[in-house]
$ cat target_7.csv   # CSV, C-alpha atoms
chain,number,residue,atom,x,y,z
A,219,MET,CA,106.2,98.8,108.4
A,220,MET,CA,106.5,101.5,105.7
A,221,TRP,CA,105.1,100.6,102.3
A,222,THR,CA,107.0,101.0,99.1
A,223,ILE,CA,105.3,103.7,97.1
A,224,ARG,CA,104.8,102.4,93.6
A,225,VAL,CA,102.9,104.3,91.0
A,226,ARG,CA,100.6,101.9,89.0
A,227,THR,CA,100.0,104.1,86.0
A,228,MET,CA,98.9,103.1,82.5
A,229,LEU,CA,102.3,103.3,80.9
A,230,SER,CA,102.5,105.0,77.5
A,231,ALA,CA,103.8,101.8,75.9
A,232,TRP,CA,100.6,99.9,77.0
A,233,VAL,CA,98.4,102.8,75.8
A,234,VAL,CA,100.0,103.0,72.4
A,235,LEU,CA,100.0,99.2,71.7
A,236,ALA,CA,96.5,98.7,73.1
A,237,LEU,CA,94.9,101.5,71.2
A,238,ALA,CA,96.7,100.8,67.9
A,239,GLY,CA,95.8,97.2,68.0
A,240,LEU,CA,99.5,96.2,67.6
A,241,LEU,CA,99.7,93.6,70.3
A,242,VAL,CA,101.7,90.8,68.7
A,243,VAL,CA,101.8,87.4,70.2
A,244,ALA,CA,104.6,84.9,69.4
A,245,GLY,CA,103.8,81.5,68.0
A,246,CYS,CA,103.0,78.6,70.3
A,247,GLY,CA,106.0,76.8,71.8
A,248,SER,CA,106.5,73.3,72.9
A,249,ALA,CA,104.0,71.7,75.3
A,250,PRO,CA,104.7,72.7,78.9
A,251,SER,CA,105.8,70.2,81.5
A,252,THR,CA,103.2,69.3,84.2
A,253,GLN,CA,105.7,67.3,86.4
A,254,ASP,CA,106.6,69.7,89.1
A,255,ALA,CA,108.0,69.1,92.6
A,256,ALA,CA,109.4,70.8,95.6
A,257,GLY,CA,112.6,72.6,94.9
A,258,GLN,CA,111.5,73.9,91.5
A,259,THR,CA,111.1,77.6,90.8
A,260,ILE,CA,108.2,79.4,89.2
A,261,THR,CA,108.3,83.0,88.0
A,262,VAL,CA,105.4,85.3,89.1
A,263,TYR,CA,104.9,88.7,87.4
A,264,SER,CA,103.0,90.7,90.1
A,265,GLY,CA,101.3,94.1,89.8
A,266,GLN,CA,99.8,93.7,93.3
A,267,HIS,CA,101.0,95.3,96.5
A,268,GLU,CA,104.6,94.3,96.8
A,269,GLN,CA,104.8,93.7,100.5
A,270,THR,CA,101.7,91.5,100.5
A,271,ALA,CA,102.9,89.6,97.5
A,272,GLN,CA,106.2,88.9,99.2
A,273,MET,CA,104.4,87.5,102.3
A,274,LEU,CA,102.2,85.3,100.0
A,275,VAL,CA,105.2,84.0,98.2
A,276,ALA,CA,107.0,83.2,101.5
A,277,GLY,CA,103.9,81.4,102.7
A,278,PHE,CA,103.6,79.4,99.5
A,279,THR,CA,107.2,78.3,99.5
A,280,ALA,CA,107.0,77.3,103.2
A,281,ALA,CA,103.9,75.2,102.5
A,282,THR,CA,105.0,73.6,99.2
A,283,GLY,CA,108.8,73.7,98.9
A,284,ILE,CA,108.3,75.4,95.5
A,285,ASN,CA,110.4,78.5,95.1
A,286,VAL,CA,109.1,81.7,93.5
A,287,ALA,CA,111.0,84.3,91.5
A,288,LEU,CA,108.8,87.4,92.1
A,289,ARG,CA,108.9,90.3,89.7
A,290,SER,CA,106.9,93.2,91.0
A,291,GLY,CA,106.0,96.3,88.9
A,292,GLY,CA,103.1,98.2,87.3
A,293,GLU,CA,100.5,95.8,86.1
A,294,ALA,CA,100.1,97.5,82.8
A,295,GLU,CA,103.8,97.4,82.2
A,296,LEU,CA,104.0,93.7,83.1
A,297,ALA,CA,100.9,92.7,81.0
A,298,ASN,CA,102.3,94.6,78.1
A,299,GLN,CA,105.6,92.7,78.5
A,300,ILE,CA,103.8,89.4,78.5
A,301,LEU,CA,101.9,90.4,75.4
A,302,GLN,CA,105.2,91.1,73.6
A,303,GLU,CA,107.0,88.0,75.0
A,304,GLY,CA,104.1,85.7,73.9
A,305,SER,CA,105.0,82.1,74.3
A,306,ALA,CA,108.6,83.0,75.1
A,307,SER,CA,107.6,84.7,78.3
A,308,PRO,CA,109.5,83.4,81.4
A,309,ALA,CA,106.4,84.1,83.5
A,310,ASP,CA,104.4,81.2,84.9
A,311,VAL,CA,101.8,83.3,86.7
A,312,PHE,CA,100.5,86.8,86.3
A,313,TYR,CA,99.0,88.4,89.5
A,314,ALA,CA,97.2,91.6,88.6
A,315,GLU,CA,95.4,94.4,90.5
A,316,ASN,CA,92.6,94.9,88.1
A,317,PRO,CA,90.6,92.6,85.6
A,318,PRO,CA,91.5,94.6,82.4
A,319,ALA,CA,95.1,93.5,82.5
A,320,LEU,CA,94.1,89.8,82.9
A,321,GLU,CA,91.4,90.1,80.3
A,322,ALA,CA,93.9,91.6,77.8
A,323,LEU,CA,96.0,88.4,78.2
A,324,ARG,CA,92.9,86.1,78.0
A,325,GLU,CA,91.8,87.7,74.8
A,326,LYS,CA,95.2,86.9,73.2
A,327,ASN,CA,94.9,83.2,74.4
A,328,LEU,CA,97.8,83.6,76.8
A,329,LEU,CA,96.1,82.2,79.9
A,330,SER,CA,95.4,78.5,80.8
A,331,PRO,CA,92.2,77.4,82.5
A,332,VAL,CA,92.3,77.6,86.3
A,333,ASP,CA,91.8,74.3,88.2
A,334,ALA,CA,88.1,73.9,89.1
A,335,ALA,CA,88.8,73.4,92.8
A,336,THR,CA,90.7,76.8,92.9
A,337,LEU,CA,87.8,78.6,91.2
A,338,SER,CA,85.3,77.1,93.6
A,339,ALA,CA,87.1,78.6,96.6
A,340,VAL,CA,85.9,82.1,95.5
A,341,PRO,CA,82.4,83.3,94.7
A,342,ALA,CA,81.9,82.9,90.9
A,343,ALA,CA,81.1,86.6,90.5
A,344,TYR,CA,84.7,87.4,91.2
A,345,ASP,CA,86.3,84.9,88.8
A,346,SER,CA,86.9,85.0,85.1
A,347,PRO,CA,83.7,84.0,83.4
A,348,GLN,CA,85.8,81.8,81.1
A,349,GLY,CA,87.6,80.3,84.1
A,350,GLN,CA,91.0,81.6,83.0
A,351,TRP,CA,91.9,83.6,86.1
A,352,VAL,CA,90.7,83.5,89.7
A,353,GLY,CA,89.7,86.4,92.0
A,354,VAL,CA,92.0,86.8,95.0
A,355,SER,CA,91.0,90.1,96.7
A,356,ALA,CA,88.8,93.1,96.3
A,357,ARG,CA,88.6,96.8,97.1
A,358,SER,CA,86.1,99.6,96.7
A,359,ALA,CA,86.2,103.0,95.0
A,360,ALA,CA,85.4,105.8,97.4
A,361,LEU,CA,85.7,109.5,97.9
A,362,VAL,CA,88.2,110.8,100.4
A,363,PHE,CA,87.2,114.2,101.9
A,364,ASN,CA,88.9,116.7,104.1
A,365,THR,CA,86.8,116.9,107.3
A,366,THR,CA,87.6,120.6,107.8
A,367,ALA,CA,86.8,121.6,104.3
A,368,THR,CA,83.5,119.8,104.0
A,369,SER,CA,81.1,117.5,105.8
A,370,GLU,CA,79.8,114.2,104.6
A,371,ALA,CA,76.3,115.6,104.5
A,372,GLN,CA,77.4,118.0,101.8
A,373,LEU,CA,78.7,115.2,99.6
A,374,PRO,CA,76.6,114.0,96.6
A,375,ALA,CA,75.4,110.4,96.1
A,376,SER,CA,77.0,110.1,92.7
A,377,VAL,CA,80.6,110.4,91.5
A,378,LEU,CA,79.2,112.0,88.4
A,379,ASP,CA,78.3,115.1,90.4
A,380,MET,CA,81.9,115.7,91.5
A,381,ALA,CA,82.8,116.8,88.0
A,382,GLY,CA,80.3,119.7,88.0
A,383,PRO,CA,81.0,123.4,88.6
A,384,ALA,CA,79.7,123.1,92.2
A,385,TRP,CA,82.9,121.3,93.0
A,386,LYS,CA,85.3,123.2,90.7
A,387,GLY,CA,88.7,123.2,92.2
A,388,LYS,CA,87.6,121.0,95.1
A,389,PHE,CA,87.8,117.6,93.5
A,390,GLY,CA,90.9,115.7,92.5
A,391,TYR,CA,91.5,112.5,90.6
A,392,ALA,CA,94.3,110.5,89.0
A,393,PRO,CA,93.3,109.6,85.4
A,394,THR,CA,96.5,107.7,84.7
A,395,GLU,CA,96.0,105.3,87.6
A,396,THR,CA,94.9,101.8,86.7
A,397,ASP,CA,92.3,102.1,89.5
A,398,PHE,CA,90.5,104.9,87.6
A,399,GLN,CA,90.1,102.9,84.4
A,400,PRO,CA,87.4,100.4,85.8
A,401,VAL,CA,85.4,103.3,87.2
A,402,LEU,CA,85.4,105.0,83.8
A,403,THR,CA,84.3,101.7,82.3
A,404,ALA,CA,81.5,101.4,84.9
A,405,VAL,CA,80.2,104.9,83.9
A,406,ALA,CA,80.2,103.9,80.3
A,407,LYS,CA,78.3,100.6,81.0
A,408,LEU,CA,75.7,102.2,83.3
A,409,LYS,CA,75.2,105.6,81.6
A,410,GLY,CA,76.4,105.4,78.0
A,411,ALA,CA,79.1,106.9,75.8
A,412,ASP,CA,77.6,110.4,75.7
A,413,VAL,CA,77.6,110.7,79.5
A,414,VAL,CA,81.2,109.5,79.7
A,415,LYS,CA,82.2,112.1,77.1
A,416,GLN,CA,80.5,114.9,79.0
A,417,TRP,CA,81.8,113.7,82.4
A,418,LEU,CA,85.4,113.6,81.2
A,419,ALA,CA,85.0,117.1,79.7
A,420,ASP,CA,83.6,118.4,83.0
A,421,LEU,CA,86.5,116.7,84.9
A,422,LYS,CA,89.0,118.4,82.6
A,423,ALA,CA,87.3,121.8,83.1
A,424,ASN,CA,86.6,121.6,86.8
A,425,ALA,CA,88.7,119.0,88.6
A,426,LYS,CA,92.4,118.8,89.5
A,427,VAL,CA,94.6,116.1,88.1
A,428,TYR,CA,97.1,114.3,90.4
A,429,PRO,CA,99.8,111.9,89.2
A,430,ASP,CA,98.8,109.0,91.5
A,431,ASN,CA,96.4,108.1,94.4
A,432,GLU,CA,99.1,108.3,97.0
A,433,THR,CA,99.7,112.0,96.2
A,434,LEU,CA,96.0,112.6,96.0
A,435,VAL,CA,95.0,111.2,99.3
A,436,ALA,CA,97.8,113.1,101.0
A,437,ALA,CA,96.7,116.3,99.3
A,438,VAL,CA,93.1,115.9,100.6
A,439,ASN,CA,94.4,115.1,104.1
A,440,SER,CA,96.6,118.2,104.1
A,441,GLY,CA,93.7,120.5,102.9
A,442,GLU,CA,95.3,121.2,99.5
A,443,ILE,CA,92.1,120.0,97.9
A,444,ALA,CA,88.7,119.1,99.5
A,445,THR,CA,88.0,115.8,98.0
A,446,GLY,CA,89.4,113.0,95.7
A,447,LEU,CA,88.4,109.7,94.1
A,448,ILE,CA,90.6,106.8,95.3
A,449,ASP,CA,90.4,103.2,96.2
A,450,HIS,CA,89.6,102.8,99.9
A,451,TYR,CA,92.9,101.3,101.0
A,452,TYR,CA,94.9,104.4,100.2
A,453,TRP,CA,93.1,106.2,103.0
A,454,TYR,CA,93.6,103.4,105.5
A,455,ARG,CA,97.3,103.3,104.7
A,456,LEU,CA,97.6,107.0,105.2
A,457,GLN,CA,95.7,106.8,108.6
A,458,ARG,CA,98.0,104.1,109.7
A,459,GLU,CA,101.1,106.0,108.8
A,460,LEU,CA,100.0,109.4,110.2
A,461,GLY,CA,98.0,108.2,113.2
A,462,PRO,CA,94.4,109.3,114.1
A,463,ALA,CA,95.6,112.7,115.5
A,464,LYS,CA,97.1,113.7,112.2
A,465,THR,CA,94.3,112.3,110.0
A,466,ALA,CA,92.1,115.2,108.9
A,467,SER,CA,90.1,113.2,106.3
A,468,ALA,CA,87.6,110.4,106.0
A,469,LEU,CA,85.9,108.2,103.4
A,470,HIS,CA,82.6,108.7,101.8
A,471,TYR,CA,80.9,105.8,99.9
A,472,PHE,CA,78.6,106.8,97.0
A,473,GLY,CA,75.1,105.6,96.7
A,474,THR,CA,73.8,102.1,95.8
A,475,GLY,CA,74.7,101.1,92.3
A,476,ASP,CA,76.7,104.3,91.5
A,477,PRO,CA,79.8,103.8,89.3
A,478,GLY,CA,81.7,105.5,92.1
A,479,SER,CA,80.9,102.6,94.4
A,480,LEU,CA,82.5,100.0,92.1
A,481,VAL,CA,84.1,97.0,93.8
A,482,ASP,CA,87.1,95.9,91.8
A,483,VAL,CA,88.9,92.6,91.9
A,484,SER,CA,92.6,91.6,91.9
A,485,GLY,CA,93.2,88.2,90.3
A,486,ALA,CA,95.8,85.8,89.0
A,487,GLY,CA,96.2,83.4,86.1
A,488,VAL,CA,98.6,80.8,84.8
A,489,LEU,CA,100.3,81.6,81.5
A,490,ALA,CA,99.6,79.1,78.7
A,491,SER,CA,103.3,79.1,77.9
A,492,SER,CA,104.3,78.1,81.5
A,493,LYS,CA,106.8,75.3,81.7
A,494,HIS,CA,105.7,74.6,85.3
A,495,THR,CA,102.0,74.4,85.0
A,496,SER,CA,101.4,72.1,88.0
A,497,ALA,CA,103.4,74.3,90.3
A,498,ALA,CA,101.8,77.4,88.9
A,499,GLN,CA,98.3,76.0,89.5
A,500,LYS,CA,99.4,75.2,93.0
A,501,PHE,CA,100.3,78.9,93.5
A,502,LEU,CA,96.9,80.0,92.4
A,503,ALA,CA,95.3,77.4,94.7
A,504,TYR,CA,97.4,78.7,97.6
A,505,LEU,CA,96.4,82.3,96.9
A,506,VAL,CA,92.7,81.5,97.6
A,507,SER,CA,93.4,79.1,100.5
A,508,LYS,CA,92.7,80.0,104.1
A,509,PRO,CA,96.3,80.7,105.0
A,510,ALA,CA,96.9,83.0,102.1
A,511,GLN,CA,93.6,84.8,102.4
A,512,THR,CA,94.3,85.3,106.1
A,513,ILE,CA,97.6,87.0,105.1
A,514,ILE,CA,95.5,89.3,102.9
A,515,GLY,CA,92.9,89.9,105.5
A,516,THR,CA,95.4,90.8,108.2
A,517,SER,CA,98.0,92.7,106.2
A,518,ASP,CA,98.3,96.4,105.7
A,519,SER,CA,97.2,96.1,102.1
A,520,TYR,CA,93.7,96.8,103.5
A,521,GLU,CA,92.0,94.7,100.9
A,522,TYR,CA,89.1,92.3,101.2
A,523,PRO,CA,90.0,88.6,101.0
A,524,LEU,CA,87.7,86.7,98.6
A,525,GLY,CA,88.5,83.0,99.1
A,526,SER,CA,87.9,80.2,101.5
A,527,GLY,CA,85.4,82.2,103.6
A,528,VAL,CA,88.0,84.5,105.2
A,529,ILE,CA,86.9,87.9,106.4
A,530,THR,CA,89.2,90.8,106.9
A,531,SER,CA,90.2,91.6,110.4
A,532,GLN,CA,91.0,95.2,109.5
A,533,PRO,CA,88.5,98.0,110.4
A,534,LEU,CA,87.1,98.3,106.9
A,535,ARG,CA,83.4,98.7,106.1
A,536,PRO,CA,82.3,95.0,105.6
A,537,LEU,CA,82.3,93.8,102.1
A,538,ASP,CA,78.7,92.7,102.3
A,539,GLN,CA,77.7,96.3,103.3
A,540,LEU,CA,79.1,97.8,100.1
A,541,HIS,CA,76.6,98.5,97.4
A,542,PRO,CA,78.4,98.4,94.0
A,543,PRO,CA,76.8,98.6,90.6
A,544,ALA,CA,75.5,95.4,89.1
A,545,LEU,CA,78.5,94.9,86.8
A,546,SER,CA,80.4,91.7,86.3
A,547,VAL,CA,84.1,91.4,85.8
A,548,ALA,CA,83.4,90.7,82.1
A,549,ASP,CA,81.7,94.1,81.9
A,550,LEU,CA,84.9,95.7,82.8
A,551,GLY,CA,86.6,94.2,79.7
A,552,ASP,CA,90.2,94.6,78.8
A,553,GLY,CA,90.3,98.4,79.3
A,554,ARG,CA,90.9,99.4,75.7
A,555,SER,CA,87.7,101.4,75.5
A,556,SER,CA,88.5,103.4,78.6
A,557,LEU,CA,92.0,104.1,77.4
A,558,ALA,CA,90.6,105.4,74.2
A,559,MET,CA,88.1,107.7,76.0
A,560,LEU,CA,90.8,109.1,78.2
A,561,GLN,CA,93.0,109.7,75.2
A,562,GLN,CA,90.2,111.4,73.2
A,563,ALA,CA,89.5,113.6,76.2
A,564,GLY,CA,93.1,114.7,76.3
A,565,LEU,CA,93.7,113.1,79.8
A,566,LEU,CA,96.5,110.7,78.7
$ encode --input "target_7.csv" --output "structure tokens"
Amino acid sequence: MMWTIRVRTMLSAWVVLALAGLLVVAGCGSAPSTQDAAGQTITVYSGQHEQTAQMLVAGFTAATGINVALRSGGEAELANQILQEGSASPADVFYAENPPALEALREKNLLSPVDAATLSAVPAAYDSPQGQWVGVSARSAALVFNTTATSEAQLPASVLDMAGPAWKGKFGYAPTETDFQPVLTAVAKLKGADVVKQWLADLKANAKVYPDNETLVAAVNSGEIATGLIDHYYWYRLQRELGPAKTASALHYFGTGDPGSLVDVSGAGVLASSKHTSAAQKFLAYLVSKPAQTIIGTSDSYEYPLGSGVITSQPLRPLDQLHPPALSVADLGDGRSSLAMLQQAGLL
């Protein structure tokens, strides 16, 4: 099955509104209904992988009889739309690929508390600390490298080293991808603002910018560039599509606790303005249930399921063998500081 290529960039509208502090929320509407039943329809805004989201929606409807109107798009675009729609938003659920988009809504009081039973299906480290969204799946940042251009033994233990002159013209990244934003936040949290400023300056001077991770991983595999920073699943998708014989690249995981080893979370929350809160909460409960997590763990999204004890059946490095930095989802914030740093560095 071919995957729809969808660029999940930080759209200019999101950047402008977030940095200017002009996110306006409409006034509270009438109290939402909690009496939901089979045959009703909820609206889900999804920034997650479209094919997997479609399979999850189909499974939910089959299990509950509740229909879902699925709107897929870039998570930044969808979060920004919800921020503008406020209490008038038709969305009942927001399903995002990264915590910052969810946190932006939480900070504007646009999310409802998630049912305790749903939160308990996932390790607490992957949920909203305030209980307003639940972690659904995870993925790791990694370095993809062309196996003809370099060997893994030549690769450094830290992503920070990739920006230096030793890798000039040999390292690529996609600064407008929403996946890059949490890594940048991790650098800031672990190393400080001065290190971030210098790292971004070095990237601008020495690294090659790509429009998205799909283009970047293909460029590394073709030998156009030696290495690139991606989330791990891009490489697994490329390998599946090309086959082992045409895969001339591999993944390198940075050292323990390095910001380049960040494990990031995809999650979902119920909108406070939802008119179908019971059905929306059931959708979240389904996302972390064994059937849904099995869909994630066996699908070609190549992500790690987080709920109900399900382990991926895909040939990924086991989640418990990854060694990310000791950062919580709260540490990643709403992404505004990272957007500001990228803009100041002239990378947006």
$ closest_residue --input "target_7.csv" --among "A:Ala498, A:Gln562, A:Pro462, A:Pro347" --to "Asp333 in chain A" --atoms "only C-alpha atoms"
A:Ala498
$ closest_residue --input "target_7.csv" --among "A:Ser307, A:Gln499, A:Thr445, A:Thr396" --to "Ala360 in chain A" --atoms "only C-alpha atoms"
A:Thr445
$ closest_residue --input "target_7.csv" --among "A:Leu434, A:Ala367, A:Ala306, A:Val547" --to "Val483 in chain A" --atoms "all atoms listed in the file"
A:Val547
$ closest_residue --input "target_7.csv" --among "A:Ser507, A:Val311, A:Phe363, A:Thr516" --to "Ala339 in chain A" --atoms "all atoms listed in the file"
A:Ser507
$ residues_around --input "target_7.csv" --residues "Asp379 in chain A" --least-positions-apart "6" --cutoff "12 Å" --atoms "all atoms listed in the file" --output "PDB file with C-alpha atoms, in the coordinates of the input"
ATOM      1  CA  LEU A 361      85.700 109.500  97.900  1.00  0.00           C
ATOM      2  CA  GLN A 372      77.400 118.000 101.800  1.00  0.00           C
ATOM      3  CA  LEU A 373      78.700 115.200  99.600  1.00  0.00           C
ATOM      4  CA  TRP A 385      82.900 121.300  93.000  1.00  0.00           C
ATOM      5  CA  LYS A 386      85.300 123.200  90.700  1.00  0.00           C
ATOM      6  CA  LYS A 388      87.600 121.000  95.100  1.00  0.00           C
ATOM      7  CA  PHE A 389      87.800 117.600  93.500  1.00  0.00           C
ATOM      8  CA  VAL A 413      77.600 110.700  79.500  1.00  0.00           C
ATOM      9  CA  GLN A 416      80.500 114.900  79.000  1.00  0.00           C
ATOM     10  CA  TRP A 417      81.800 113.700  82.400  1.00  0.00           C
ATOM     11  CA  LEU A 418      85.400 113.600  81.200  1.00  0.00           C
ATOM     12  CA  ASP A 420      83.600 118.400  83.000  1.00  0.00           C
ATOM     13  CA  LEU A 421      86.500 116.700  84.900  1.00  0.00           C
ATOM     14  CA  ASN A 424      86.600 121.600  86.800  1.00  0.00           C
ATOM     15  CA  ALA A 425      88.700 119.000  88.600  1.00  0.00           C
ATOM     16  CA  PHE A 472      78.600 106.800  97.000  1.00  0.00           C
ATOM     17  CA  GLY A 473      75.100 105.600  96.700  1.00  0.00           C
ATOM     18  CA  ASP A 476      76.700 104.300  91.500  1.00  0.00           C
ATOM     19  CA  PRO A 477      79.800 103.800  89.300  1.00  0.00           C
ATOM     20  CA  GLY A 478      81.700 105.500  92.100  1.00  0.00           C
TER      21      GLY A 478
END
$ atom_distance --input "target_7.csv" --atom1 "CA of Ser484 in chain A" --atom2 "CA of Glu315 in chain A"
4.2 Å
$ closest_residue --input "target_7.csv" --among "A:Ser517, A:Thr368, A:Ser555, A:Thr336" --to "Ala468 in chain A" --atoms "all atoms listed in the file"
A:Thr368
$ residues_around --input "target_7.csv" --residues "Val438 in chain A" --least-positions-apart "2" --cutoff "9 Å" --atoms "only C-alpha atoms" --output "count of residues only"
17
$ atom_distance --input "target_7.csv" --atom1 "CA of Tyr313 in chain A" --atom2 "CA of Ser264 in chain A"
4.7 Å
$ residues_around --input "target_7.csv" --residues "Thr512 in chain A" --least-positions-apart "5" --cutoff "12 Å" --atoms "only C-alpha atoms" --output "count of residues only"
26
$ atom_distance --input "target_7.csv" --atom1 "CA of Leu329 in chain A" --atom2 "CA of Gly487 in chain A"
6.3 Å
$ closest_residue --input "target_7.csv" --among "A:Leu565, A:Ala371, A:Ala411, A:Ala319" --to "Gly485 in chain A" --atoms "all atoms listed in the file"
A:Ala319
$ residues_around --input "target_7.csv" --residues "Ser358 in chain A" --least-positions-apart "2" --cutoff "7 Å" --atoms "all atoms listed in the file" --output "count of residues only"
7
$ decode --input "target_7.csv" --residues "range 290-298 of chain A" --atoms "all heavy atoms" --output "compact mmCIF listing (two decimals), in the first residue's frame"
# COMPACT_ATOMS: atom_id res chain seq x y z
N SER A 290 -8.24 15.13 7.88
CA SER A 290 -6.80 14.98 7.99
C SER A 290 -6.09 16.17 7.37
O SER A 290 -6.54 16.72 6.36
CB SER A 290 -6.34 13.69 7.30
OG SER A 290 -6.81 12.55 7.98
N GLY A 291 -4.98 16.55 7.98
CA GLY A 291 -4.20 17.67 7.47
C GLY A 291 -2.96 17.87 8.32
O GLY A 291 -2.65 17.06 9.21
N GLY A 292 -2.25 18.95 8.09
CA GLY A 292 -1.10 19.27 8.91
C GLY A 292 -1.53 19.64 10.32
O GLY A 292 -2.49 20.41 10.49
N GLU A 293 -0.85 19.12 11.32
CA GLU A 293 -1.29 19.36 12.69
C GLU A 293 -1.22 20.83 13.07
O GLU A 293 -2.09 21.33 13.81
CB GLU A 293 -0.47 18.53 13.68
CG GLU A 293 0.99 18.89 13.75
CD GLU A 293 1.75 18.09 14.80
OE1 GLU A 293 1.10 17.45 15.64
OE2 GLU A 293 2.99 18.14 14.78
N ALA A 294 -0.24 21.56 12.57
CA ALA A 294 -0.14 22.98 12.88
C ALA A 294 -1.32 23.74 12.27
O ALA A 294 -1.91 24.61 12.92
CB ALA A 294 1.18 23.55 12.37
N GLU A 295 -1.66 23.39 11.05
CA GLU A 295 -2.79 24.03 10.37
C GLU A 295 -4.10 23.76 11.13
O GLU A 295 -4.90 24.67 11.36
CB GLU A 295 -2.90 23.50 8.94
CG GLU A 295 -4.11 24.00 8.18
CD GLU A 295 -4.31 23.29 6.86
OE1 GLU A 295 -3.67 22.24 6.65
OE2 GLU A 295 -5.12 23.76 6.06
N LEU A 296 -4.28 22.50 11.55
CA LEU A 296 -5.52 22.14 12.23
C LEU A 296 -5.60 22.76 13.62
O LEU A 296 -6.66 23.23 14.05
CB LEU A 296 -5.64 20.62 12.31
CG LEU A 296 -5.81 19.90 10.97
CD1 LEU A 296 -5.71 18.39 11.17
CD2 LEU A 296 -7.13 20.27 10.32
N ALA A 297 -4.48 22.75 14.36
CA ALA A 297 -4.47 23.37 15.68
C ALA A 297 -4.75 24.86 15.57
O ALA A 297 -5.51 25.43 16.37
CB ALA A 297 -3.13 23.14 16.37
N ASN A 298 -4.16 25.49 14.58
CA ASN A 298 -4.39 26.92 14.39
C ASN A 298 -5.85 27.19 14.06
O ASN A 298 -6.44 28.17 14.54
CB ASN A 298 -3.49 27.45 13.27
CG ASN A 298 -3.56 28.96 13.13
OD1 ASN A 298 -3.36 29.68 14.09
ND2 ASN A 298 -3.88 29.42 11.94
